[in-house]
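Q: My questions all concern the structure below.
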Amino acid sequence: MSHELTLQLLDTHAGGDVSRIVIGGIDPLPGNTVRQQMEYLENDADGLRKLLLGEPYGIPEMSVDLIVPACDARAQMGYIIMEVMGYPIYSGSNTICTATALLETGLIPKREGIQHFTLESPAGLVQIEARVENGVVEAITCGGLPSYIDTHRATIHVPEVGDVTYSIAYSGGFYALVDAAELGFSLKREEERALAECAHRIVEAIQARSGFSHYTLGDVGPLPFLHFMGPVEQVADDFYRSRSTTYVHPGVICRSTTGTGTSARLALMHYEGTIKPGDRLETVSLRETGFIGQFIEAREAGGKHQVVENTITGKSYVLARSEIVVNCEDPMVDCGGVHHILSARHP
């Protein structure tokens with residue numbers, strides 16, 4: 001080969017959801033904010049997302065996070081999230097994985113004890129608290145996006161499912177929240193395929209009925225997420241636990257409960273008056289992993305919404321450090337939509 005095109009990766013997971021962190025091999029992207037750079041990828045270079053989430057390099061159940069220089073001087077680094085459904089502007093699990101990767105690669109120097117830094121996501125600035133013990137990143141706490149309830153306990157008839165009661169929350173994306181027991185689920189791992197099939201039908205029905213508009217962002221696209229809610233158990237005066245499962249349309253059941261799913265639950269619990277500021281909720285996945293969301297405070301926004309400020313805490317693990325070769329002559333590889341942002345490195 002006269003030259004090779006390579007990407008430097010750090011594969012991680014948080015709660016079971018794999019986030020593939022791209023730490024090298026991509027040329028600088030145009031845009032004055034990370035949000036604008038995300039929009040450039042979405043509109044002009046979506047090949048990167050397709051390349052790393054499809055055969056032969058990846059699978060749709062993974063996520064990809066591209067590390068970019070921060071545009072905002074208050075942030076140390078920026079990142080762009082890519083998933084099977086497109087480009088979410090925020091994700092708790094991806095933020096936890098990205099923050100861990102930045103510390104483990106030295107792109108942000110790791111310090112023993114508690115350290116704080118700021119990242120720039122497409123949704124804006126994110127405050128990070130990292131707890132490092134004996135050189136190991138034991139926990140990441142990140143700010144969840146301000147979350148609120150758009151629709152409370154609406155009902156829709158879903159073919160092959162029946163009448164379904166759901167609420168709609170915004171927590172970085174719009175979520176349909178449904179009671180798992182009402183749909184016949186106990187949220188065990190052997191139900192995973194049935195959960196995905198049920199969620200697919202519900203999301204399709206809700207999408208056909210209506211779209212949803214954020215009070216400042218406007219139309220953010222069709223409903224992408226559904227969150228199955230298990231019973232809430234009170235573990236202590238200020239601590240609750242609930243089995244939970246998040247679905248990403250089309251067809252993906254997340255391994256973790258997801259950070260944005262947990263934020264959506266906090267918004268619903270506040271709306272229904274079952275939590276107070278300072279309370280925490282641990283959501284537990286089909287794989288017995290969990291994230292802890294904390295309700296910080298509520299405020300009014302958009303003239304009619306009670307917006308919940310919250311944080312999400314979890315742990316990420318490093319799975320692999322690798323350099324993949326992108327061979328555009330490989331019939332399994334489609335370089336259209338990505339070749340123009342790949343850095344060429346000559347041997």
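Chains: A, B, ... in order of the structure tokens. Residues: from 1 per chain. Ligands: from 1, in order shown.
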Which residues come within 10 Å of A:Cys198, counting only C-alpha atoms, excluding same-chain residues fewer than 3 positions away, as a PyMOL selection string?

A: chain A and resi 158-161+183+192-195+201-203+247+251

Q: Give me a file of those residues, with N, CA, C and O atoms, as a PDB file, in the first residue's frame.

A:
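Printed below is part26.pdb as written:
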ATOM      1  N   VAL A 158     -52.193   0.179  20.199  1.00  0.00           N
ATOM      2  CA  VAL A 158     -51.036  -0.316  19.445  1.00  0.00           C
ATOM      3  C   VAL A 158     -51.379  -1.692  18.885  1.00  0.00           C
ATOM      4  O   VAL A 158     -51.703  -2.605  19.655  1.00  0.00           O
ATOM      5  N   PRO A 159     -51.327  -1.864  17.564  1.00  0.00           N
ATOM      6  CA  PRO A 159     -51.613  -3.173  16.979  1.00  0.00           C
ATOM      7  C   PRO A 159     -50.752  -4.276  17.598  1.00  0.00           C
ATOM      8  O   PRO A 159     -49.555  -4.089  17.797  1.00  0.00           O
ATOM      9  N   GLU A 160     -51.370  -5.413  17.889  1.00  0.00           N
ATOM     10  CA  GLU A 160     -50.730  -6.601  18.466  1.00  0.00           C
ATOM     11  C   GLU A 160     -50.274  -6.397  19.911  1.00  0.00           C
ATOM     12  O   GLU A 160     -49.709  -7.314  20.507  1.00  0.00           O
ATOM     13  N   VAL A 161     -50.498  -5.217  20.476  1.00  0.00           N
ATOM     14  CA  VAL A 161     -50.158  -4.965  21.878  1.00  0.00           C
ATOM     15  C   VAL A 161     -51.402  -4.627  22.680  1.00  0.00           C
ATOM     16  O   VAL A 161     -51.619  -5.131  23.790  1.00  0.00           O
ATOM     17  N   LEU A 183     -47.612  -4.109  30.722  1.00  0.00           N
ATOM     18  CA  LEU A 183     -47.419  -4.760  29.429  1.00  0.00           C
ATOM     19  C   LEU A 183     -47.016  -6.221  29.577  1.00  0.00           C
ATOM     20  O   LEU A 183     -46.684  -6.882  28.592  1.00  0.00           O
ATOM     21  N   GLU A 192     -35.667  -9.985  26.575  1.00  0.00           N
ATOM     22  CA  GLU A 192     -35.050  -8.924  25.771  1.00  0.00           C
ATOM     23  C   GLU A 192     -35.651  -8.821  24.371  1.00  0.00           C
ATOM     24  O   GLU A 192     -35.997  -7.726  23.908  1.00  0.00           O
ATOM     25  N   ARG A 193     -35.797  -9.950  23.683  1.00  0.00           N
ATOM     26  CA  ARG A 193     -36.325  -9.886  22.315  1.00  0.00           C
ATOM     27  C   ARG A 193     -37.777  -9.418  22.315  1.00  0.00           C
ATOM     28  O   ARG A 193     -38.165  -8.583  21.488  1.00  0.00           O
ATOM     29  N   ALA A 194     -38.571  -9.939  23.240  1.00  0.00           N
ATOM     30  CA  ALA A 194     -39.973  -9.529  23.304  1.00  0.00           C
ATOM     31  C   ALA A 194     -40.106  -8.058  23.664  1.00  0.00           C
ATOM     32  O   ALA A 194     -40.997  -7.363  23.154  1.00  0.00           O
ATOM     33  N   LEU A 195     -39.236  -7.555  24.533  1.00  0.00           N
ATOM     34  CA  LEU A 195     -39.239  -6.138  24.876  1.00  0.00           C
ATOM     35  C   LEU A 195     -38.964  -5.285  23.644  1.00  0.00           C
ATOM     36  O   LEU A 195     -39.624  -4.258  23.421  1.00  0.00           O
ATOM     37  N   ARG A 201     -43.273  -1.609  18.231  1.00  0.00           N
ATOM     38  CA  ARG A 201     -44.665  -1.349  17.858  1.00  0.00           C
ATOM     39  C   ARG A 201     -45.191  -0.080  18.533  1.00  0.00           C
ATOM     40  O   ARG A 201     -45.903   0.715  17.910  1.00  0.00           O
ATOM     41  N   ILE A 202     -44.832   0.109  19.800  1.00  0.00           N
ATOM     42  CA  ILE A 202     -45.322   1.290  20.522  1.00  0.00           C
ATOM     43  C   ILE A 202     -44.737   2.572  19.923  1.00  0.00           C
ATOM     44  O   ILE A 202     -45.450   3.552  19.689  1.00  0.00           O
ATOM     45  N   VAL A 203     -43.423   2.570  19.682  1.00  0.00           N
ATOM     46  CA  VAL A 203     -42.783   3.765  19.124  1.00  0.00           C
ATOM     47  C   VAL A 203     -43.343   4.088  17.743  1.00  0.00           C
ATOM     48  O   VAL A 203     -43.622   5.255  17.426  1.00  0.00           O
ATOM     49  N   TYR A 247     -35.036   1.257  25.196  1.00  0.00           N
ATOM     50  CA  TYR A 247     -35.066   0.824  23.793  1.00  0.00           C
ATOM     51  C   TYR A 247     -34.733   2.012  22.902  1.00  0.00           C
ATOM     52  O   TYR A 247     -35.222   3.129  23.132  1.00  0.00           O
ATOM     53  N   GLY A 251     -35.046  -1.091  16.923  1.00  0.00           N
ATOM     54  CA  GLY A 251     -34.625  -2.449  17.207  1.00  0.00           C
ATOM     55  C   GLY A 251     -33.599  -2.716  18.275  1.00  0.00           C
ATOM     56  O   GLY A 251     -33.230  -3.862  18.485  1.00  0.00           O
TER      57      GLY A 251
END

Q: What lies within 12 Å of A:Glu104 using only C-alpha atoms, ignoring chain neighbours under 2 positions off, as a PyMOL selection string?

A: chain A and resi 10-12+21+23+97-102+106-111+130+132+135-138+316-321

Q: Go through A:His157, A:Arg74, A:Lys315, A:His339 and flag the residue nearest A:Gly92, using only C-alpha atoms for the distances.

A: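 Smallest separation from A:Gly92 among the options: A:Lys315.
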
Q: Between stretch 80-191 of chain A and stretch 46-50 of chain A, at 12 Å or less, what are the per-residue closest atom pairs and their distances in Å? Count only C-alpha atoms, order by chain and rising residue number, and return it as a Markdown table.

A:
| residue | atom | partner | partner_atom | distance |
| --- | --- | --- | --- | --- |
| A:Ile80 | CA | A:Arg49 | CA | 10.6 |
| A:Ile81 | CA | A:Arg49 | CA | 9.2 |
| A:Met82 | CA | A:Arg49 | CA | 6.0 |
| A:Glu83 | CA | A:Arg49 | CA | 7.3 |
| A:Val84 | CA | A:Arg49 | CA | 8.1 |
| A:Met85 | CA | A:Arg49 | CA | 10.2 |
| A:Gly86 | CA | A:Arg49 | CA | 8.1 |
| A:Tyr87 | CA | A:Arg49 | CA | 9.0 |

Q: With C-alpha atoms retained, export the selected residues as a PDB file, in the first residue's frame.

A:
ATOM      1  CA  ILE A  80     -19.804  14.009  19.287  1.00  0.00           C
ATOM      2  CA  ILE A  81     -22.129  11.048  19.898  1.00  0.00           C
ATOM      3  CA  MET A  82     -23.212   8.664  17.131  1.00  0.00           C
ATOM      4  CA  GLU A  83     -25.764   5.865  17.484  1.00  0.00           C
ATOM      5  CA  VAL A  84     -27.901   3.662  15.259  1.00  0.00           C
ATOM      6  CA  MET A  85     -30.703   6.252  15.444  1.00  0.00           C
ATOM      7  CA  GLY A  86     -28.412   9.093  14.419  1.00  0.00           C
ATOM      8  CA  TYR A  87     -26.797  11.879  16.427  1.00  0.00           C
TER       9      TYR A  87
END

Q: Any chance you could list, as a PyMOL selection string, the residues in stretch 18-253 of chain A that come up strand (DSSP E) when DSSP is run on the backbone?

A: chain A and resi 18-24+63-68+77-82+113-121+124-133+136-158+162-170+174-179+213-214+218-219+225-236+239-248+252-253

Q: Write a file of the selected residues as an mmCIF file, in the first residue's frame, keeping C-alpha atoms.

A:
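Produced file part25.cif, reproduced below:
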data_model
loop_
_atom_site.group_PDB
_atom_site.id
_atom_site.type_symbol
_atom_site.label_atom_id
_atom_site.label_comp_id
_atom_site.auth_asym_id
_atom_site.auth_seq_id
_atom_site.Cartn_x
_atom_site.Cartn_y
_atom_site.Cartn_z
ATOM 1 C CA VAL A 18 -20.201 -0.263 24.456
ATOM 2 C CA SER A 19 -18.929 3.175 23.445
ATOM 3 C CA ARG A 20 -16.207 3.191 20.801
ATOM 4 C CA ILE A 21 -14.138 6.325 21.406
ATOM 5 C CA VAL A 22 -12.364 7.706 18.319
ATOM 6 C CA ILE A 23 -9.203 9.399 19.580
ATOM 7 C CA GLY A 24 -7.290 9.813 16.298
ATOM 8 C CA SER A 63 -22.199 3.780 20.130
ATOM 9 C CA VAL A 64 -19.381 5.901 18.715
ATOM 10 C CA ASP A 65 -17.945 9.012 20.357
ATOM 11 C CA LEU A 66 -15.600 11.224 18.357
ATOM 12 C CA ILE A 67 -13.193 13.305 20.450
ATOM 13 C CA VAL A 68 -12.750 16.809 19.039
ATOM 14 C CA MET A 77 -12.310 18.768 25.189
ATOM 15 C CA GLY A 78 -15.373 18.143 23.027
ATOM 16 C CA TYR A 79 -17.143 15.019 21.819
ATOM 17 C CA ILE A 80 -19.804 14.009 19.287
ATOM 18 C CA ILE A 81 -22.129 11.048 19.898
ATOM 19 C CA MET A 82 -23.212 8.664 17.131
ATOM 20 C CA GLY A 113 -8.957 11.741 44.383
ATOM 21 C CA ILE A 114 -11.799 13.927 43.103
ATOM 22 C CA GLN A 115 -11.189 16.073 40.047
ATOM 23 C CA HIS A 116 -13.472 18.291 38.004
ATOM 24 C CA PHE A 117 -13.382 19.294 34.362
ATOM 25 C CA THR A 118 -15.729 20.499 31.630
ATOM 26 C CA LEU A 119 -16.567 18.896 28.283
ATOM 27 C CA GLU A 120 -18.370 20.421 25.309
ATOM 28 C CA SER A 121 -21.119 18.195 23.942
ATOM 29 C CA GLY A 124 -23.554 22.403 25.420
ATOM 30 C CA LEU A 125 -21.154 22.360 28.356
ATOM 31 C CA VAL A 126 -21.143 19.324 30.661
ATOM 32 C CA GLN A 127 -19.616 19.385 34.133
ATOM 33 C CA ILE A 128 -17.693 16.225 35.041
ATOM 34 C CA GLU A 129 -16.660 14.935 38.452
ATOM 35 C CA ALA A 130 -14.236 11.992 38.362
ATOM 36 C CA ARG A 131 -13.318 9.862 41.363
ATOM 37 C CA VAL A 132 -9.888 8.259 40.958
ATOM 38 C CA GLU A 133 -8.627 5.709 43.487
ATOM 39 C CA VAL A 136 -8.367 3.750 38.616
ATOM 40 C CA VAL A 137 -11.340 5.839 37.486
ATOM 41 C CA GLU A 138 -13.917 4.435 39.890
ATOM 42 C CA ALA A 139 -16.829 6.728 39.078
ATOM 43 C CA ILE A 140 -17.897 9.535 36.781
ATOM 44 C CA THR A 141 -20.676 11.936 37.709
ATOM 45 C CA CYS A 142 -21.958 14.079 34.868
ATOM 46 C CA GLY A 143 -24.681 16.647 34.639
ATOM 47 C CA GLY A 144 -27.823 15.250 33.066
ATOM 48 C CA LEU A 145 -29.672 17.524 30.682
ATOM 49 C CA PRO A 146 -32.550 19.522 32.182
ATOM 50 C CA SER A 147 -35.470 17.092 31.904
ATOM 51 C CA TYR A 148 -39.232 17.566 31.894
ATOM 52 C CA ILE A 149 -42.548 15.855 31.206
ATOM 53 C CA ASP A 150 -44.191 16.809 27.914
ATOM 54 C CA THR A 151 -47.159 14.415 28.104
ATOM 55 C CA HIS A 152 -48.499 12.602 31.177
ATOM 56 C CA ARG A 153 -50.375 9.297 30.968
ATOM 57 C CA ALA A 154 -51.794 9.437 27.462
ATOM 58 C CA THR A 155 -53.301 6.292 25.916
ATOM 59 C CA ILE A 156 -52.829 4.861 22.438
ATOM 60 C CA HIS A 157 -53.998 1.671 20.758
ATOM 61 C CA VAL A 158 -51.036 -0.316 19.445
ATOM 62 C CA GLY A 162 -53.453 -3.315 22.830
ATOM 63 C CA ASP A 163 -54.142 -0.062 24.623
ATOM 64 C CA VAL A 164 -50.918 1.398 26.053
ATOM 65 C CA THR A 165 -50.632 4.168 28.643
ATOM 66 C CA TYR A 166 -47.481 6.249 28.250
ATOM 67 C CA SER A 167 -45.849 9.501 29.302
ATOM 68 C CA ILE A 168 -43.393 11.522 27.218
ATOM 69 C CA ALA A 169 -40.279 13.015 28.805
ATOM 70 C CA TYR A 170 -37.444 15.057 27.337
ATOM 71 C CA PHE A 174 -37.792 12.433 23.774
ATOM 72 C CA TYR A 175 -38.677 9.256 25.677
ATOM 73 C CA ALA A 176 -41.894 7.289 25.878
ATOM 74 C CA LEU A 177 -42.162 5.998 29.453
ATOM 75 C CA VAL A 178 -44.291 2.872 29.960
ATOM 76 C CA ASP A 179 -45.038 0.627 32.935
ATOM 77 C CA SER A 213 -41.216 19.876 20.092
ATOM 78 C CA HIS A 214 -38.704 21.087 22.680
ATOM 79 C CA GLY A 218 -38.018 23.032 18.471
ATOM 80 C CA ASP A 219 -38.489 19.895 16.359
ATOM 81 C CA PHE A 225 -36.522 6.203 22.721
ATOM 82 C CA LEU A 226 -38.777 4.123 24.950
ATOM 83 C CA HIS A 227 -38.135 3.319 28.600
ATOM 84 C CA PHE A 228 -39.752 0.373 30.379
ATOM 85 C CA MET A 229 -40.250 1.165 34.074
ATOM 86 C CA GLY A 230 -40.261 -1.464 36.790
ATOM 87 C CA PRO A 231 -41.677 -0.986 40.301
ATOM 88 C CA VAL A 232 -39.910 1.608 42.473
ATOM 89 C CA GLU A 233 -38.443 0.290 45.735
ATOM 90 C CA GLN A 234 -37.503 2.705 48.518
ATOM 91 C CA VAL A 235 -34.112 1.578 49.847
ATOM 92 C CA ALA A 236 -33.512 4.496 52.254
ATOM 93 C CA PHE A 239 -32.641 6.481 47.870
ATOM 94 C CA TYR A 240 -34.843 4.528 45.450
ATOM 95 C CA ARG A 241 -34.227 1.608 43.091
ATOM 96 C CA SER A 242 -36.110 0.404 40.017
ATOM 97 C CA ARG A 243 -35.527 -2.186 37.317
ATOM 98 C CA SER A 244 -35.521 -0.427 33.946
ATOM 99 C CA THR A 245 -34.899 -1.054 30.254
ATOM 100 C CA THR A 246 -34.248 1.450 27.470
ATOM 101 C CA TYR A 247 -35.066 0.824 23.793
ATOM 102 C CA VAL A 248 -33.541 2.796 20.886
ATOM 103 C CA VAL A 252 -31.991 -1.924 19.921
ATOM 104 C CA ILE A 253 -32.369 -2.773 23.595
#

Q: Leaving out A:Gly173 and any residue of its chain fewer than 5 positions from it, which residues lie within 9 Å of it when counting only C-alpha atoms, given as an mmCIF file with N, CA, C and O atoms, in the first residue's frame?

A:
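Output below, filename around.cif:
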data_model
loop_
_atom_site.group_PDB
_atom_site.id
_atom_site.type_symbol
_atom_site.label_atom_id
_atom_site.label_comp_id
_atom_site.auth_asym_id
_atom_site.auth_seq_id
_atom_site.Cartn_x
_atom_site.Cartn_y
_atom_site.Cartn_z
ATOM 1 N N PRO A 88 -27.624 11.759 18.730
ATOM 2 C CA PRO A 88 -28.211 12.375 19.924
ATOM 3 C C PRO A 88 -27.305 13.488 20.429
ATOM 4 O O PRO A 88 -26.079 13.365 20.407
ATOM 5 N N ILE A 89 -27.904 14.573 20.895
ATOM 6 C CA ILE A 89 -27.077 15.699 21.350
ATOM 7 C C ILE A 89 -26.484 15.432 22.721
ATOM 8 O O ILE A 89 -25.555 16.124 23.140
ATOM 9 N N TYR A 90 -27.017 14.399 23.416
ATOM 10 C CA TYR A 90 -26.464 14.081 24.716
ATOM 11 C C TYR A 90 -26.774 12.630 25.057
ATOM 12 O O TYR A 90 -27.750 12.058 24.583
ATOM 13 N N SER A 91 -25.903 12.045 25.886
ATOM 14 C CA SER A 91 -26.081 10.676 26.378
ATOM 15 C C SER A 91 -25.274 10.526 27.653
ATOM 16 O O SER A 91 -24.090 10.861 27.679
ATOM 17 N N VAL A 220 -37.010 18.128 17.144
ATOM 18 C CA VAL A 220 -35.741 17.404 17.217
ATOM 19 C C VAL A 220 -35.860 16.021 16.586
ATOM 20 O O VAL A 220 -35.070 15.126 16.859
ATOM 21 N N LEU A 223 -39.784 10.525 17.608
ATOM 22 C CA LEU A 223 -39.528 9.907 18.900
ATOM 23 C C LEU A 223 -38.531 8.756 18.743
ATOM 24 O O LEU A 223 -38.804 7.807 18.011
ATOM 25 N N PRO A 224 -37.358 8.826 19.432
ATOM 26 C CA PRO A 224 -36.352 7.780 19.237
ATOM 27 C C PRO A 224 -36.256 6.741 20.350
ATOM 28 O O PRO A 224 -35.665 5.686 20.151
ATOM 29 N N PHE A 225 -36.796 7.039 21.557
ATOM 30 C CA PHE A 225 -36.522 6.203 22.721
ATOM 31 C C PHE A 225 -37.813 5.763 23.427
ATOM 32 O O PHE A 225 -38.812 6.489 23.428
ATOM 33 N N THR A 260 -29.797 9.087 30.025
ATOM 34 C CA THR A 260 -30.945 9.914 29.678
ATOM 35 C C THR A 260 -32.250 9.235 30.087
ATOM 36 O O THR A 260 -33.222 9.909 30.456
#

Q: Measuring between only C-alpha atoms, which one of A:His305, A:Arg265, A:His270, A:Arg35 shows the shortest distance to A:Gly293?

A: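 Between A:His305, A:Arg265, A:His270, A:Arg35, the residue approaching A:Gly293 most closely is A:Arg265.
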
Q: From the set A:Gly302, A:Ile312, A:Glu61, A:Leu53, which residue has the shortest atom-to-atom contact distance to A:Ile96, counting only C-alpha atoms?

A: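 Checking each candidate against A:Ile96, we get A:Ile312 as the closest.
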
Q: One decimal, Å: what's the distance from atom CA of A:Lys304 over to atom CA of A:Gly221, could you say?

A: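 Computed distance, atom CA of A:Lys304 to atom CA of A:Gly221, equals 21.4 Å.
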